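Take a look at the structure set out below.
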Amino acid sequence: MRILLVTQFFPPDITAAAFRLDEMCHLLAAQGHEIRVLTSVPHKAQVGGATAEPPRAIQAFRTPLFPIGKGGARRYILHYLSFVLGSMWKGLGVWWSDWRPDVVWASSPPLFVGLTGRFLSILSRRPLVFEVRDIWPDTAVAAGQLPRSGLAYKVGKWIELYLYRKAAHIVCVAQPMRQRIAEQTATPVSVAYNGVLRRNAEAGLRVPVMLRSAEGKPRSILYAGNLGHLQELDLLVQGFGELVREGCLKGWNLLLLGAGQQKERLQQLIESSGLSSRASIEGPVSREQAMRELRQADLLYLNLKKDSALEKTIPSKVFDCLLAGRPIVAGVAGEGAEILAETGANVSFEPGNLGELKKALLQAVERFDEMHARAPRNVSVVLERFTRENAVAVLTEVFGKVTGLKA
């Protein structure tokens with residue numbers, strides 16, 4: 001099958017979306033499918049160094065983007081629309097080359113990639129499968145990229161519903177998200193969960209690692225990922241600082257690993273709170289190194305801002321943390337919290353609630369030995385139910401349904 005993927009994020013960018021799509025494309029190529037990818041030039045905290053060459057069955061066509069700079073709704077919109085125009089032009093080039101897709105697969109966010117997908121599905125007279133990993137434009141509002149009042153949000157809502165109607169099939173990443181979308185359209189909706197690549201995960205688990213605290217170092221609380229607005233890491237720094245001053249976290253340090261728009265603000269907060277000897281921020285690393293860091297930490301942390309749209313999804317970081325086999329403190333709601341509660345190795349709290357966060361951290365510290373003993377169950381859950389291989393099986397079934405071809 002010939003598959004045309006439209007996505008703004010693709011390696012060597014190191015976002016969750018880039019990881020997901022790269023691994024899924026490699027799995028599809030291994031099944032014999034031929035893939036063309038319309039994407040942007042690298043722009044999301046890529047780590048230097050060589051990258052593996054994709055299979056010959058995968059070709060990427062890249063377009064430049066309007067820079068976001070210091071942000072603001074107008075610059076964000078121009079940034080995303082520049083990809084739409086550029087990817088449409090690149091898509092025309094693919095079409096003129098006489099290569100024709102059997103299906104167009106547009107993966108959002110941002111929502112606007114669906115416009116390119118719709119345009120190329122019309123041009124090639126092929127069905128559009130629209131993938132939704134976050135509910136836009138509502139998630140953009142939660143991230144501070146877009147005000148809820150105003151024309152831009154109204155236009156975004158119109159585009160959202162338009163793409164839902166025009167897609168031949170919609171694929172999303174959580175059951176609450178599927179229910180929310182199904183309430184707004186008659187288009188069929190399937191769930192292909194985020195997760196981990198089984199073969200890489202199993203190979204990585206065979207490499208022995210040791211907790212830093214086993215080497216005589218203080219026990220560590222680690223967050224690894226985007227240092228952005230949605231993660232509300234200032235809440236973690238504040239809660240950690242208050243517990244330190246209350247004498248409740250003796251022998252524990254905090255490490256934030258990653259990059260993002262909030263990095264400078266978080267560093268200033270650490271310094272102004274007198275935490276420089278107990279908390280630190282280190283820059284982004286490769287995905288492989290990030291997984292090693294997760295497995296060497298004593299306690300893992302993740303959080304997603306409290307918002308009704310965000311409660312419909314499951315942060316992809318949930319699955320990386322589960323795979324690390326370490327106890328987790330998580331400020332997540334909905335299906336993500338339900339998954340974490342299954343093993344008895346994790347503690348969830350209400351997102352955005354400082355008091356609940358502090359209680360969760362104290363509970364994890366006090367019950368650390370018990371939670372640590374149960375943490376291998378986290379690995380079992382993710383490998384049994386949340387793998388890229390499972391997601392690709394759902395996706396290929398969808399492709400087969402909308403094209404009438406053998407997937």
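Simple scheme: letters A, B, ... for chains in structure tokens order, numbers from 1 for residues in each chain, numbers from 1 for ligands in the order shown.
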Sorted per-residue table, range 178-231 of chain A near range 353-371 of chain A, closest atoms and distance, 12 Å, only C-alpha atoms, as CSV:
```
residue,atom,partner,partner_atom,distance
A:Arg219,CA,A:Val365,CA,9.8
A:Ser220,CA,A:Val365,CA,10.6
A:Ile221,CA,A:Leu361,CA,9.4
```
For N, CA and C atoms, I'd like the residues from the last selection saved as a PDB file, in the first residue's frame.
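Once written, result.pdb looks like this:
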```pdb
ATOM      1  N   ARG A 219      18.799   9.947  46.764  1.00  0.00           N
ATOM      2  CA  ARG A 219      17.696   9.476  45.934  1.00  0.00           C
ATOM      3  C   ARG A 219      17.186  10.619  45.059  1.00  0.00           C
ATOM      4  N   SER A 220      16.684  10.247  43.872  1.00  0.00           N
ATOM      5  CA  SER A 220      16.351  11.279  42.884  1.00  0.00           C
ATOM      6  C   SER A 220      14.897  11.203  42.452  1.00  0.00           C
ATOM      7  N   ILE A 221      14.312  12.391  42.296  1.00  0.00           N
ATOM      8  CA  ILE A 221      13.009  12.554  41.646  1.00  0.00           C
ATOM      9  C   ILE A 221      13.304  13.145  40.280  1.00  0.00           C
TER      10      ILE A 221
END
```
#### Entry: Selection near Val329 in chain A, 6 Å with only C-alpha atoms, sequence-local residues under 6 positions removed, as a list of chain:residue names
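Non-adjacent residues within range: A:Tyr301, A:Asn346, A:Val347, A:Ser348.
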### Task
Identify all residues of range 65-129 of chain A in helix (DSSP H, G or I) (DSSP on the backbone) and supply them as a ChimeraX atom specification.
/A:73-96,113-124
### Query
Can you tell me how far CA of Pro12 in chain A sits from CA of Ser121 in chain A, in Å to one decimal?
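Calculated distance between CA of Pro12 in chain A and CA of Ser121 in chain A is 26.7 Å.
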I'd like the contact shell of range 265-270 of chain A - 12 Å cut-off, only C-alpha atoms, skipping same-chain residues fewer than 6 positions apart - returned as a PDB file with C-alpha atoms, in the first residue's frame.
```pdb
ATOM      1  CA  LEU A 227       9.725  22.027  29.900  1.00  0.00           C
ATOM      2  CA  GLY A 228       6.614  23.755  28.648  1.00  0.00           C
ATOM      3  CA  HIS A 229       3.479  25.517  29.784  1.00  0.00           C
ATOM      4  CA  GLN A 231       3.613  20.502  32.163  1.00  0.00           C
ATOM      5  CA  GLU A 232       3.342  23.128  34.967  1.00  0.00           C
ATOM      6  CA  LEU A 233       6.739  22.194  36.372  1.00  0.00           C
ATOM      7  CA  ASP A 234       6.784  25.357  38.469  1.00  0.00           C
ATOM      8  CA  LEU A 235       4.228  23.530  40.629  1.00  0.00           C
ATOM      9  CA  LEU A 236       6.703  20.688  41.140  1.00  0.00           C
ATOM     10  CA  VAL A 237       9.562  23.044  42.018  1.00  0.00           C
ATOM     11  CA  GLN A 238       7.332  24.927  44.433  1.00  0.00           C
ATOM     12  CA  GLY A 239       6.019  21.766  46.109  1.00  0.00           C
ATOM     13  CA  PHE A 240       9.483  20.215  46.325  1.00  0.00           C
ATOM     14  CA  GLY A 241      10.870  23.431  47.814  1.00  0.00           C
ATOM     15  CA  GLU A 242       8.164  23.643  50.458  1.00  0.00           C
ATOM     16  CA  LEU A 254      15.152  16.866  42.042  1.00  0.00           C
ATOM     17  CA  LEU A 255      16.318  16.732  38.403  1.00  0.00           C
ATOM     18  CA  LEU A 256      14.522  18.222  35.400  1.00  0.00           C
ATOM     19  CA  LEU A 257      15.827  16.887  32.090  1.00  0.00           C
ATOM     20  CA  GLY A 258      14.822  18.568  28.831  1.00  0.00           C
ATOM     21  CA  ALA A 259      14.223  21.855  27.047  1.00  0.00           C
ATOM     22  CA  SER A 276      20.345  25.167  43.819  1.00  0.00           C
ATOM     23  CA  SER A 277      22.039  22.439  45.880  1.00  0.00           C
ATOM     24  CA  ARG A 278      18.990  20.133  45.728  1.00  0.00           C
ATOM     25  CA  ALA A 279      17.431  20.768  42.313  1.00  0.00           C
ATOM     26  CA  SER A 280      18.896  21.161  38.831  1.00  0.00           C
ATOM     27  CA  ILE A 281      18.009  21.334  35.136  1.00  0.00           C
ATOM     28  CA  GLU A 282      19.971  19.537  32.433  1.00  0.00           C
ATOM     29  CA  GLY A 283      19.555  19.930  28.682  1.00  0.00           C
TER      30      GLY A 283
END
```
### Query
Leaving out Val104 in chain A and any residue of its chain fewer than 2 positions from it, which residues lie within 7 Å of it when counting only C-alpha atoms, given as JSON, numbers by chain?
{"A": [3, 4, 5, 101, 106, 117, 121, 126, 127, 128, 129]}
Those same residues, written as a PDB file, in the first residue's frame with C-alpha atoms?
```pdb
ATOM      1  CA  ILE A   3       0.769   5.847   2.260  1.00  0.00           C
ATOM      2  CA  LEU A   4       1.199   9.626   2.262  1.00  0.00           C
ATOM      3  CA  LEU A   5       1.805  10.934   5.803  1.00  0.00           C
ATOM      4  CA  PRO A 101      -1.000   7.343  -2.573  1.00  0.00           C
ATOM      5  CA  ALA A 106      -2.684  13.358   8.426  1.00  0.00           C
ATOM      6  CA  GLY A 117      -4.325  16.173   4.184  1.00  0.00           C
ATOM      7  CA  SER A 121      -6.899  13.582  -0.580  1.00  0.00           C
ATOM      8  CA  ARG A 126      -7.932   9.008  -2.117  1.00  0.00           C
ATOM      9  CA  PRO A 127      -9.445   8.698   1.406  1.00  0.00           C
ATOM     10  CA  LEU A 128      -8.178  10.776   4.325  1.00  0.00           C
ATOM     11  CA  VAL A 129      -7.417   9.140   7.684  1.00  0.00           C
TER      12      VAL A 129
END
```
### Message
Restricting the calculation to only C-alpha atoms: of A:Ile339, A:Val394, A:Val94, A:Val84, which residue gets closest to Gln59 in chain A?
### Response
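Selected residue with least distance to Gln59 in chain A: A:Val94.
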Pull the closest atom pair for each residue of range 66-123 of chain A that gets at most 12 Å from range 171-175 of chain A, along with the distance in Å to one decimal, counting only C-alpha atoms, ordering rows by chain and then ascending residue number, as a Markdown table.
```
| residue | atom | partner | partner_atom | distance |
| --- | --- | --- | --- | --- |
| A:Trp105 | CA | A:Val171 | CA | 9.8 |
| A:Ala106 | CA | A:Val171 | CA | 10.0 |
| A:Ser107 | CA | A:Val171 | CA | 9.0 |
| A:Ser108 | CA | A:Cys172 | CA | 9.7 |
| A:Pro109 | CA | A:Cys172 | CA | 11.2 |
```
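Proximity to Glu288 in chain A was assessed for A:Tyr76, A:Phe19, A:Phe10, A:Trp89 counting only C-alpha atoms; the smallest distance is recorded for A:Phe19.
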### Query
What residues in range 129-342 of chain A get the DSSP label strand (DSSP E or B)? Please answer as number ranges by chain.
A: 129-132, 169-172, 189-191, 196, 219-224, 252-257, 279-282, 299-303, 328-331
### Message
Which residues are near Leu322 in chain A? Cut-off 8 Å, only C-alpha atoms, ignore same chain within fewer than 4 positions. Put them as a list in words.
### Response
Val318, Arg326, Ile328, Asn378, Val379, Val381 and Val382 of chain A
### Task
One decimal, Å: what's the distance from CA of Val113 in chain A over to CA of Trp136 in chain A, could you say?
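Answer for the CA of Val113 in chain A to CA of Trp136 in chain A separation: 11.4 Å.
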